[in-house]
Each structure stands twice: as C-alpha cells, then as structure tokens.
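Visitor: Got a structure for you, run_21.cif, holding mmCIF, N, CA and C atoms.
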data_start
loop_
_atom_site.label_atom_id
_atom_site.label_comp_id
_atom_site.auth_asym_id
_atom_site.auth_seq_id
_atom_site.Cartn_x
_atom_site.Cartn_y
_atom_site.Cartn_z
N MET A 1 -15.80 38.34 6.64
CA MET A 1 -15.87 37.52 5.45
C MET A 1 -15.80 36.05 5.89
N ALA A 2 -16.69 35.28 5.37
CA ALA A 2 -16.73 33.85 5.70
C ALA A 2 -15.61 33.12 4.96
N GLY A 3 -14.94 32.23 5.67
CA GLY A 3 -13.87 31.45 5.05
C GLY A 3 -14.43 30.29 4.24
N MET A 4 -13.69 29.94 3.26
CA MET A 4 -14.10 28.81 2.44
C MET A 4 -13.29 27.58 2.86
N VAL A 5 -13.99 26.49 3.06
CA VAL A 5 -13.33 25.25 3.41
C VAL A 5 -13.21 24.40 2.15
N MET A 6 -12.01 23.97 1.90
CA MET A 6 -11.79 23.15 0.72
C MET A 6 -11.33 21.76 1.17
N TYR A 7 -11.93 20.76 0.58
CA TYR A 7 -11.56 19.39 0.89
C TYR A 7 -10.75 18.85 -0.29
N LEU A 8 -9.52 18.49 -0.01
CA LEU A 8 -8.65 17.97 -1.06
C LEU A 8 -8.67 16.45 -1.01
N CYS A 9 -8.76 15.84 -2.15
CA CYS A 9 -8.75 14.39 -2.24
C CYS A 9 -7.70 13.99 -3.27
N PRO A 10 -6.43 13.99 -2.84
CA PRO A 10 -5.37 13.68 -3.80
C PRO A 10 -5.42 12.24 -4.27
N ARG A 11 -5.09 12.05 -5.53
CA ARG A 11 -5.02 10.71 -6.12
C ARG A 11 -3.73 10.63 -6.91
N GLU A 12 -3.13 9.50 -6.86
CA GLU A 12 -1.97 9.30 -7.70
C GLU A 12 -2.12 7.97 -8.41
N ARG A 13 -1.37 7.80 -9.44
CA ARG A 13 -1.44 6.56 -10.19
C ARG A 13 -0.76 5.44 -9.41
N ILE A 14 -1.42 4.31 -9.38
CA ILE A 14 -0.87 3.12 -8.74
C ILE A 14 -0.28 2.26 -9.86
N TRP A 15 1.03 2.18 -9.90
CA TRP A 15 1.71 1.46 -10.97
C TRP A 15 1.74 -0.02 -10.67
N LEU A 16 1.34 -0.80 -11.66
CA LEU A 16 1.38 -2.25 -11.59
C LEU A 16 2.39 -2.71 -12.63
N ASP A 17 3.37 -3.46 -12.19
CA ASP A 17 4.39 -4.00 -13.10
C ASP A 17 3.81 -5.25 -13.77
N PRO A 18 3.44 -5.16 -15.06
CA PRO A 18 2.81 -6.30 -15.72
C PRO A 18 3.74 -7.51 -15.85
N SER A 19 5.04 -7.28 -15.83
CA SER A 19 5.96 -8.42 -15.95
C SER A 19 5.86 -9.33 -14.72
N ARG A 20 5.56 -8.75 -13.56
CA ARG A 20 5.42 -9.54 -12.34
C ARG A 20 4.22 -10.48 -12.45
N ILE A 21 3.11 -9.95 -12.94
CA ILE A 21 1.92 -10.78 -13.13
C ILE A 21 2.19 -11.82 -14.21
N GLY A 22 2.90 -11.43 -15.27
CA GLY A 22 3.26 -12.37 -16.33
C GLY A 22 4.08 -13.54 -15.81
N LEU A 23 5.02 -13.24 -14.92
CA LEU A 23 5.82 -14.32 -14.32
C LEU A 23 4.95 -15.27 -13.50
N LEU A 24 4.01 -14.69 -12.76
CA LEU A 24 3.12 -15.53 -11.97
C LEU A 24 2.28 -16.43 -12.87
N TYR A 25 1.77 -15.88 -13.98
CA TYR A 25 1.00 -16.69 -14.92
C TYR A 25 1.85 -17.81 -15.50
N ALA A 26 3.10 -17.49 -15.83
CA ALA A 26 3.99 -18.51 -16.40
C ALA A 26 4.28 -19.62 -15.39
N GLU A 27 4.41 -19.25 -14.12
CA GLU A 27 4.73 -20.23 -13.07
C GLU A 27 3.52 -21.06 -12.66
N LEU A 28 2.36 -20.41 -12.56
CA LEU A 28 1.21 -21.06 -11.93
C LEU A 28 0.05 -21.38 -12.86
N GLY A 29 -0.14 -20.60 -13.90
CA GLY A 29 -1.32 -20.77 -14.75
C GLY A 29 -2.44 -19.84 -14.31
N GLY A 30 -3.41 -19.66 -15.20
CA GLY A 30 -4.47 -18.66 -15.03
C GLY A 30 -5.31 -18.78 -13.78
N ALA A 31 -5.90 -19.96 -13.56
CA ALA A 31 -6.81 -20.12 -12.42
C ALA A 31 -6.08 -19.95 -11.10
N GLU A 32 -4.88 -20.48 -11.01
CA GLU A 32 -4.13 -20.36 -9.75
C GLU A 32 -3.68 -18.94 -9.50
N VAL A 33 -3.34 -18.21 -10.56
CA VAL A 33 -2.94 -16.81 -10.39
C VAL A 33 -4.12 -15.99 -9.90
N GLN A 34 -5.30 -16.23 -10.44
CA GLN A 34 -6.47 -15.48 -9.99
C GLN A 34 -6.74 -15.74 -8.51
N ALA A 35 -6.62 -16.98 -8.10
CA ALA A 35 -6.82 -17.31 -6.68
C ALA A 35 -5.75 -16.65 -5.83
N LEU A 36 -4.50 -16.65 -6.31
CA LEU A 36 -3.40 -16.00 -5.59
C LEU A 36 -3.65 -14.50 -5.47
N LEU A 37 -4.08 -13.88 -6.57
CA LEU A 37 -4.37 -12.44 -6.53
C LEU A 37 -5.49 -12.12 -5.56
N ASP A 38 -6.52 -12.94 -5.56
CA ASP A 38 -7.64 -12.72 -4.63
C ASP A 38 -7.16 -12.80 -3.18
N ARG A 39 -6.36 -13.83 -2.88
CA ARG A 39 -5.83 -13.98 -1.50
C ARG A 39 -4.91 -12.81 -1.14
N ALA A 40 -4.05 -12.44 -2.09
CA ALA A 40 -3.09 -11.36 -1.82
C ALA A 40 -3.80 -10.03 -1.61
N MET A 41 -4.83 -9.76 -2.38
CA MET A 41 -5.56 -8.50 -2.20
C MET A 41 -6.32 -8.50 -0.87
N ALA A 42 -6.84 -9.66 -0.47
CA ALA A 42 -7.49 -9.76 0.84
C ALA A 42 -6.46 -9.55 1.94
N GLU A 43 -5.27 -10.10 1.76
CA GLU A 43 -4.21 -9.92 2.76
C GLU A 43 -3.75 -8.46 2.79
N LEU A 44 -3.67 -7.82 1.62
CA LEU A 44 -3.31 -6.41 1.57
C LEU A 44 -4.32 -5.58 2.35
N ALA A 45 -5.60 -5.88 2.19
CA ALA A 45 -6.64 -5.17 2.93
C ALA A 45 -6.51 -5.42 4.44
N SER A 46 -6.20 -6.65 4.81
CA SER A 46 -6.04 -6.99 6.22
C SER A 46 -4.83 -6.26 6.83
N VAL A 47 -3.73 -6.23 6.11
CA VAL A 47 -2.54 -5.53 6.60
C VAL A 47 -2.83 -4.04 6.71
N HIS A 48 -3.56 -3.50 5.75
CA HIS A 48 -3.91 -2.08 5.80
C HIS A 48 -4.74 -1.77 7.05
N GLU A 49 -5.66 -2.66 7.36
CA GLU A 49 -6.46 -2.49 8.58
C GLU A 49 -5.58 -2.57 9.83
N ASP A 50 -4.65 -3.54 9.85
CA ASP A 50 -3.72 -3.65 10.97
C ASP A 50 -2.90 -2.37 11.13
N LEU A 51 -2.40 -1.86 10.01
CA LEU A 51 -1.61 -0.63 10.05
C LEU A 51 -2.42 0.54 10.62
N SER A 52 -3.67 0.64 10.19
CA SER A 52 -4.54 1.73 10.70
C SER A 52 -4.70 1.64 12.21
N LEU A 53 -4.96 0.44 12.70
CA LEU A 53 -5.13 0.25 14.15
C LEU A 53 -3.83 0.51 14.91
N GLN A 54 -2.72 0.02 14.36
CA GLN A 54 -1.43 0.20 15.02
C GLN A 54 -1.01 1.67 15.03
N TYR A 55 -1.27 2.38 13.95
CA TYR A 55 -0.93 3.80 13.90
C TYR A 55 -1.75 4.57 14.93
N ALA A 56 -3.04 4.29 14.97
CA ALA A 56 -3.92 4.98 15.93
C ALA A 56 -3.51 4.70 17.37
N ALA A 57 -3.05 3.47 17.63
CA ALA A 57 -2.65 3.08 18.99
C ALA A 57 -1.19 3.44 19.28
N ARG A 58 -0.50 4.00 18.30
CA ARG A 58 0.93 4.35 18.42
C ARG A 58 1.78 3.12 18.73
N ASP A 59 1.38 1.97 18.19
CA ASP A 59 2.15 0.73 18.30
C ASP A 59 3.17 0.73 17.16
N LEU A 60 4.26 1.44 17.35
CA LEU A 60 5.22 1.64 16.26
C LEU A 60 5.99 0.37 15.91
N ASP A 61 6.20 -0.52 16.86
CA ASP A 61 6.86 -1.79 16.54
C ASP A 61 5.96 -2.64 15.64
N GLY A 62 4.72 -2.76 16.02
CA GLY A 62 3.76 -3.50 15.19
C GLY A 62 3.56 -2.84 13.85
N PHE A 63 3.53 -1.51 13.85
CA PHE A 63 3.38 -0.73 12.62
C PHE A 63 4.54 -1.03 11.67
N ALA A 64 5.76 -1.08 12.19
CA ALA A 64 6.94 -1.36 11.37
C ALA A 64 6.87 -2.78 10.79
N ARG A 65 6.44 -3.75 11.59
CA ARG A 65 6.31 -5.13 11.10
C ARG A 65 5.27 -5.21 9.98
N SER A 66 4.14 -4.53 10.19
CA SER A 66 3.08 -4.56 9.19
C SER A 66 3.50 -3.84 7.91
N LEU A 67 4.29 -2.79 8.05
CA LEU A 67 4.82 -2.11 6.86
C LEU A 67 5.68 -3.06 6.02
N ARG A 68 6.52 -3.84 6.69
CA ARG A 68 7.35 -4.81 5.96
C ARG A 68 6.48 -5.84 5.25
N ARG A 69 5.43 -6.26 5.93
CA ARG A 69 4.51 -7.23 5.34
C ARG A 69 3.80 -6.64 4.12
N MET A 70 3.36 -5.39 4.23
CA MET A 70 2.69 -4.74 3.10
C MET A 70 3.66 -4.61 1.92
N ARG A 71 4.89 -4.25 2.22
CA ARG A 71 5.87 -4.09 1.14
C ARG A 71 6.11 -5.44 0.43
N ARG A 72 6.22 -6.52 1.18
CA ARG A 72 6.43 -7.84 0.57
C ARG A 72 5.26 -8.22 -0.33
N ILE A 73 4.05 -7.99 0.14
CA ILE A 73 2.87 -8.32 -0.66
C ILE A 73 2.86 -7.48 -1.93
N ALA A 74 3.08 -6.17 -1.78
CA ALA A 74 3.06 -5.27 -2.93
C ALA A 74 4.16 -5.63 -3.93
N ASP A 75 5.35 -5.93 -3.44
CA ASP A 75 6.45 -6.35 -4.33
C ASP A 75 6.09 -7.62 -5.08
N HIS A 76 5.52 -8.57 -4.38
CA HIS A 76 5.16 -9.85 -4.99
C HIS A 76 4.14 -9.67 -6.11
N LEU A 77 3.21 -8.74 -5.92
CA LEU A 77 2.16 -8.51 -6.92
C LEU A 77 2.59 -7.53 -8.02
N GLY A 78 3.72 -6.86 -7.83
CA GLY A 78 4.14 -5.87 -8.80
C GLY A 78 3.50 -4.51 -8.59
N LEU A 79 2.94 -4.27 -7.42
CA LEU A 79 2.36 -2.96 -7.09
C LEU A 79 3.49 -2.04 -6.63
N THR A 80 4.23 -1.53 -7.61
CA THR A 80 5.46 -0.80 -7.32
C THR A 80 5.22 0.48 -6.54
N THR A 81 4.13 1.16 -6.80
CA THR A 81 3.85 2.41 -6.09
C THR A 81 3.62 2.14 -4.60
N VAL A 82 2.81 1.15 -4.30
CA VAL A 82 2.51 0.82 -2.90
C VAL A 82 3.78 0.39 -2.18
N ALA A 83 4.59 -0.44 -2.83
CA ALA A 83 5.84 -0.90 -2.21
C ALA A 83 6.78 0.28 -1.94
N ARG A 84 6.88 1.20 -2.90
CA ARG A 84 7.78 2.35 -2.74
C ARG A 84 7.30 3.26 -1.61
N ILE A 85 6.01 3.49 -1.54
CA ILE A 85 5.48 4.36 -0.48
C ILE A 85 5.64 3.70 0.88
N ALA A 86 5.48 2.38 0.95
CA ALA A 86 5.72 1.67 2.22
C ALA A 86 7.16 1.89 2.68
N CYS A 87 8.11 1.90 1.72
CA CYS A 87 9.51 2.20 2.06
C CYS A 87 9.64 3.63 2.60
N ASP A 88 8.94 4.56 1.98
CA ASP A 88 8.98 5.96 2.42
C ASP A 88 8.46 6.10 3.84
N VAL A 89 7.37 5.40 4.15
CA VAL A 89 6.81 5.45 5.50
C VAL A 89 7.81 4.87 6.50
N THR A 90 8.45 3.77 6.12
CA THR A 90 9.45 3.15 6.99
C THR A 90 10.60 4.11 7.27
N GLU A 91 11.05 4.84 6.25
CA GLU A 91 12.13 5.81 6.44
C GLU A 91 11.72 6.90 7.42
N CYS A 92 10.49 7.39 7.31
CA CYS A 92 10.01 8.43 8.23
C CYS A 92 9.92 7.88 9.66
N LEU A 93 9.50 6.64 9.77
CA LEU A 93 9.43 5.99 11.07
C LEU A 93 10.82 5.84 11.67
N ASP A 94 11.78 5.42 10.86
CA ASP A 94 13.16 5.25 11.32
C ASP A 94 13.80 6.58 11.73
N ARG A 95 13.40 7.66 11.06
CA ARG A 95 13.94 9.00 11.38
C ARG A 95 13.23 9.65 12.55
N SER A 96 12.17 9.01 13.05
CA SER A 96 11.36 9.57 14.14
C SER A 96 10.84 10.96 13.80
N ASP A 97 10.29 11.08 12.60
CA ASP A 97 9.74 12.34 12.11
C ASP A 97 8.22 12.21 12.05
N PRO A 98 7.52 12.63 13.12
CA PRO A 98 6.08 12.40 13.19
C PRO A 98 5.27 13.13 12.11
N THR A 99 5.72 14.30 11.69
CA THR A 99 4.99 15.04 10.66
C THR A 99 5.10 14.33 9.32
N ALA A 100 6.33 13.95 8.95
CA ALA A 100 6.52 13.23 7.69
C ALA A 100 5.85 11.86 7.76
N LEU A 101 5.89 11.23 8.92
CA LEU A 101 5.24 9.93 9.08
C LEU A 101 3.73 10.05 8.83
N ALA A 102 3.12 11.06 9.41
CA ALA A 102 1.68 11.26 9.22
C ALA A 102 1.34 11.48 7.74
N ALA A 103 2.15 12.27 7.06
CA ALA A 103 1.89 12.56 5.64
C ALA A 103 2.10 11.32 4.77
N THR A 104 3.20 10.61 4.99
CA THR A 104 3.46 9.44 4.15
C THR A 104 2.50 8.30 4.48
N TRP A 105 2.11 8.18 5.74
CA TRP A 105 1.13 7.16 6.11
C TRP A 105 -0.20 7.45 5.42
N ALA A 106 -0.62 8.71 5.40
CA ALA A 106 -1.87 9.07 4.72
C ALA A 106 -1.78 8.73 3.23
N ARG A 107 -0.63 8.98 2.64
CA ARG A 107 -0.43 8.67 1.22
C ARG A 107 -0.47 7.15 0.99
N LEU A 108 0.17 6.39 1.86
CA LEU A 108 0.15 4.94 1.74
C LEU A 108 -1.27 4.41 1.90
N SER A 109 -1.99 4.95 2.84
CA SER A 109 -3.36 4.51 3.08
C SER A 109 -4.23 4.74 1.85
N ARG A 110 -4.13 5.92 1.25
CA ARG A 110 -4.89 6.21 0.02
C ARG A 110 -4.47 5.27 -1.11
N SER A 111 -3.18 5.07 -1.25
CA SER A 111 -2.67 4.23 -2.33
C SER A 111 -3.07 2.77 -2.15
N ALA A 112 -3.03 2.28 -0.93
CA ALA A 112 -3.44 0.90 -0.67
C ALA A 112 -4.93 0.72 -0.98
N ASP A 113 -5.73 1.72 -0.65
CA ASP A 113 -7.16 1.65 -0.99
C ASP A 113 -7.35 1.60 -2.50
N GLN A 114 -6.63 2.45 -3.23
CA GLN A 114 -6.74 2.46 -4.69
C GLN A 114 -6.29 1.12 -5.27
N ALA A 115 -5.20 0.58 -4.75
CA ALA A 115 -4.69 -0.70 -5.25
C ALA A 115 -5.70 -1.81 -4.99
N ARG A 116 -6.29 -1.80 -3.81
CA ARG A 116 -7.27 -2.83 -3.45
C ARG A 116 -8.49 -2.76 -4.36
N LEU A 117 -8.84 -1.56 -4.81
CA LEU A 117 -10.00 -1.40 -5.69
C LEU A 117 -9.65 -1.67 -7.16
N GLY A 118 -8.37 -1.92 -7.43
CA GLY A 118 -7.96 -2.23 -8.79
C GLY A 118 -7.72 -1.02 -9.67
N ASN A 119 -7.49 0.13 -9.08
CA ASN A 119 -7.20 1.35 -9.86
C ASN A 119 -5.70 1.39 -10.20
N TRP A 120 -5.29 0.53 -11.12
CA TRP A 120 -3.88 0.37 -11.46
C TRP A 120 -3.60 0.96 -12.83
N THR A 121 -2.35 1.32 -13.02
CA THR A 121 -1.85 1.78 -14.31
C THR A 121 -0.58 1.00 -14.60
N SER A 122 -0.42 0.58 -15.83
CA SER A 122 0.83 -0.08 -16.23
C SER A 122 1.72 0.94 -16.91
N PRO A 123 3.03 0.84 -16.65
CA PRO A 123 3.94 1.80 -17.28
C PRO A 123 4.01 1.61 -18.77
#
Transcribe the structure of this file into structure tokens.
Guide:
Amino acid sequence: MAGMVMYLCPRERIWLDPSRIGLLYAELGGAEVQALLDRAMAELASVHEDLSLQYAARDLDGFARSLRRMRRIADHLGLTTVARIACDVTECLDRSDPTALAATWARLSRSADQARLGNWTSP
C-alpha cells in the first residue's frame, strides 16, 4: 500500500495590541508612525533573516542576541504573539533543548512571516 504524504501548514493568529499603536500615534502623529512602522517591519524582516542564518550556522550566541532584538521590535510594535514566541525560543535555547528549540524556532519563523505580511488580529 502506498503511503500518503501530508504537508501541514500551521497558522496561528498574530495578535497586535492596538493600544501600542495608539500610543505611538499620540506621541508621533500619523505620518511619522507610518514611517516608523515601515522601518520597524523592515528591521523585523532583517532580524528574521539574521536568525535564519544564525540558526543554520549553529551560531547560538548570535541567535540569542537576534532573538532579544526581535522581541524588542515586536514589543515596541505591540506584536504580542511574536514577542511571546521569541521568549519561548529563548527559554528552549537556555535549556539546551534542541528538539524544543527547533519546534519553537519554526513557530517563530512562521509567525514573523505572518506579522511581516500584516496578517494581524486585534484582541
């Protein structure tokens, strides 16, 4: 009997805290917030690329630094899901659990891609 291969493509909701964006609008104004969001999303994409390269190269020190950077960016933008998952990846890294690290890193990678594409949900 021939086996069936199934490709799973898990998706989860990327939560965006609207109060964080509201605070930025109150502090900076509309045009400046849009420019800030554009820069932050470009930086998020850059950090995600760095993380991918560091993970593949097993540069765990660089990977840990980039995780902190991703968490700061996500926190600043109110991307609570991305920030929380970055914390989860850091915990797996700190515990030296390669299986959990691989799983949580894959989840963070998917979530960062969704966030970058603007697939957000507000609570």
Visitor: Counting all atoms listed in the file, which residues of range 50-117 of chain A sit at most 8 Å from some atom of range 13-30 of chain A, and what is each one's closest atom pair with its distance in Å to one decimal, listed by chain and rising residue number, as a Markdown table?
Guide:
| residue | atom | partner | partner_atom | distance |
| --- | --- | --- | --- | --- |
| A:Asp75 | C | A:Arg20 | CA | 7.5 |
| A:His76 | C | A:Arg20 | CA | 6.4 |
| A:Leu77 | C | A:Ile21 | N | 5.5 |
| A:Gly78 | C | A:Asp17 | N | 3.8 |
| A:Leu79 | CA | A:Leu16 | CA | 4.7 |
| A:Thr80 | N | A:Trp15 | C | 4.2 |
| A:Thr81 | N | A:Trp15 | N | 4.5 |
| A:Val82 | N | A:Trp15 | N | 6.0 |
| A:Ser111 | CA | A:Ile14 | CA | 6.7 |
| A:Gln114 | C | A:Ile14 | CA | 6.7 |
| A:Ala115 | N | A:Ile14 | CA | 6.4 |
Visitor: Within 8 Å of Thr90 in chain A, counting all atoms listed in the file, which residues qualify if same-chain residues fewer than 4 places away don't, as a ChimeraX atom specification?
Guide: /A:63-64,67-68,84-86,94-96,101,104-105
Visitor: Looking only at strand (DSSP E or B) from DSSP on the backbone, list the matching residues of chain A as a ChimeraX atom specification.
Guide: /A:14-16,79,120-121
Visitor: If I take CA of Val5 in chain A and CA of Leu108 in chain A, how far is one from the other in Å, to one decimal?
Guide: 24.4 Å
Visitor: Calculate how many Å separate atom N of Arg72 in chain A from CA of Met41 in chain A, rounding to one decimal.
Guide: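 That distance, rounded to one decimal, is 12.4 Å.
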Visitor: Which centre and which edge lengths, in Å to one decimal, describe the axis-aligned box that holds all listed atoms of range 54-57 of chain A after 8 Å is added on each side, as JSON?
Guide:
{"center_x": -2.4, "center_y": 2.5, "center_z": 16.6, "size_x": 19.0, "size_y": 21.0, "size_z": 21.4}
Visitor: Expressed in Å to a single decimal, how great is the separation between atom N of Cys92 in chain A and CA of Leu53 in chain A?
Guide: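 Value for the atom N of Cys92 in chain A-CA of Leu53 in chain A distance: 18.5 Å.
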Visitor: Skipping near chain neighbours, those fewer than 4 positions away, what residues fall within 12 Å of Ala102 in chain A using only C-alpha atoms, listed as a PDB file with N, CA and C atoms, keeping the file's coordinate frame?
Guide:
ATOM      1  N   SER A  52      -3.670   0.640  10.190  1.00  0.00           N
ATOM      2  CA  SER A  52      -4.540   1.730  10.700  1.00  0.00           C
ATOM      3  C   SER A  52      -4.700   1.640  12.210  1.00  0.00           C
ATOM      4  N   TYR A  55      -1.270   2.380  13.950  1.00  0.00           N
ATOM      5  CA  TYR A  55      -0.930   3.800  13.900  1.00  0.00           C
ATOM      6  C   TYR A  55      -1.750   4.570  14.930  1.00  0.00           C
ATOM      7  N   ALA A  56      -3.040   4.290  14.970  1.00  0.00           N
ATOM      8  CA  ALA A  56      -3.920   4.980  15.930  1.00  0.00           C
ATOM      9  C   ALA A  56      -3.510   4.700  17.370  1.00  0.00           C
ATOM     10  N   ARG A  58      -0.500   4.000  18.300  1.00  0.00           N
ATOM     11  CA  ARG A  58       0.930   4.350  18.420  1.00  0.00           C
ATOM     12  C   ARG A  58       1.780   3.120  18.730  1.00  0.00           C
ATOM     13  N   ASP A  88       8.940   4.560   1.980  1.00  0.00           N
ATOM     14  CA  ASP A  88       8.980   5.960   2.420  1.00  0.00           C
ATOM     15  C   ASP A  88       8.460   6.100   3.840  1.00  0.00           C
ATOM     16  N   VAL A  89       7.370   5.400   4.150  1.00  0.00           N
ATOM     17  CA  VAL A  89       6.810   5.450   5.500  1.00  0.00           C
ATOM     18  C   VAL A  89       7.810   4.870   6.500  1.00  0.00           C
ATOM     19  N   THR A  90       8.450   3.770   6.120  1.00  0.00           N
ATOM     20  CA  THR A  90       9.450   3.150   6.990  1.00  0.00           C
ATOM     21  C   THR A  90      10.600   4.110   7.270  1.00  0.00           C
ATOM     22  N   CYS A  92      10.490   7.390   7.310  1.00  0.00           N
ATOM     23  CA  CYS A  92      10.010   8.430   8.230  1.00  0.00           C
ATOM     24  C   CYS A  92       9.920   7.880   9.660  1.00  0.00           C
ATOM     25  N   LEU A  93       9.500   6.640   9.770  1.00  0.00           N
ATOM     26  CA  LEU A  93       9.430   5.990  11.070  1.00  0.00           C
ATOM     27  C   LEU A  93      10.820   5.840  11.670  1.00  0.00           C
ATOM     28  N   SER A  96      12.170   9.010  13.050  1.00  0.00           N
ATOM     29  CA  SER A  96      11.360   9.570  14.140  1.00  0.00           C
ATOM     30  C   SER A  96      10.840  10.960  13.800  1.00  0.00           C
ATOM     31  N   ASP A  97      10.290  11.080  12.600  1.00  0.00           N
ATOM     32  CA  ASP A  97       9.740  12.340  12.110  1.00  0.00           C
ATOM     33  C   ASP A  97       8.220  12.210  12.050  1.00  0.00           C
ATOM     34  N   PRO A  98       7.520  12.630  13.120  1.00  0.00           N
ATOM     35  CA  PRO A  98       6.080  12.400  13.190  1.00  0.00           C
ATOM     36  C   PRO A  98       5.270  13.130  12.110  1.00  0.00           C
ATOM     37  N   ALA A 106      -0.620   8.710   5.400  1.00  0.00           N
ATOM     38  CA  ALA A 106      -1.870   9.070   4.720  1.00  0.00           C
ATOM     39  C   ALA A 106      -1.780   8.730   3.230  1.00  0.00           C
ATOM     40  N   ARG A 107      -0.630   8.980   2.640  1.00  0.00           N
ATOM     41  CA  ARG A 107      -0.430   8.670   1.220  1.00  0.00           C
ATOM     42  C   ARG A 107      -0.470   7.150   0.990  1.00  0.00           C
ATOM     43  N   LEU A 108       0.170   6.390   1.860  1.00  0.00           N
ATOM     44  CA  LEU A 108       0.150   4.940   1.740  1.00  0.00           C
ATOM     45  C   LEU A 108      -1.270   4.410   1.900  1.00  0.00           C
ATOM     46  N   SER A 109      -1.990   4.950   2.840  1.00  0.00           N
ATOM     47  CA  SER A 109      -3.360   4.510   3.080  1.00  0.00           C
ATOM     48  C   SER A 109      -4.230   4.740   1.850  1.00  0.00           C
TER      49      SER A 109
END
Visitor: Using only C-alpha atoms, which residues sit within 8 Å of Val47 in chain A once same-chain residues fewer than 6 positions away are excluded, as a PyMOL selection string?
Guide: chain A and resi 66+69-70
Visitor: Step one, run DSSP on the backbone; step two, keep only residues of range 13-121 of chain A assigned to helix (DSSP H, G or I); then write them as a PyMOL selection string.
Guide: chain A and resi 18-28+30-57+60-77+80-94+98-116
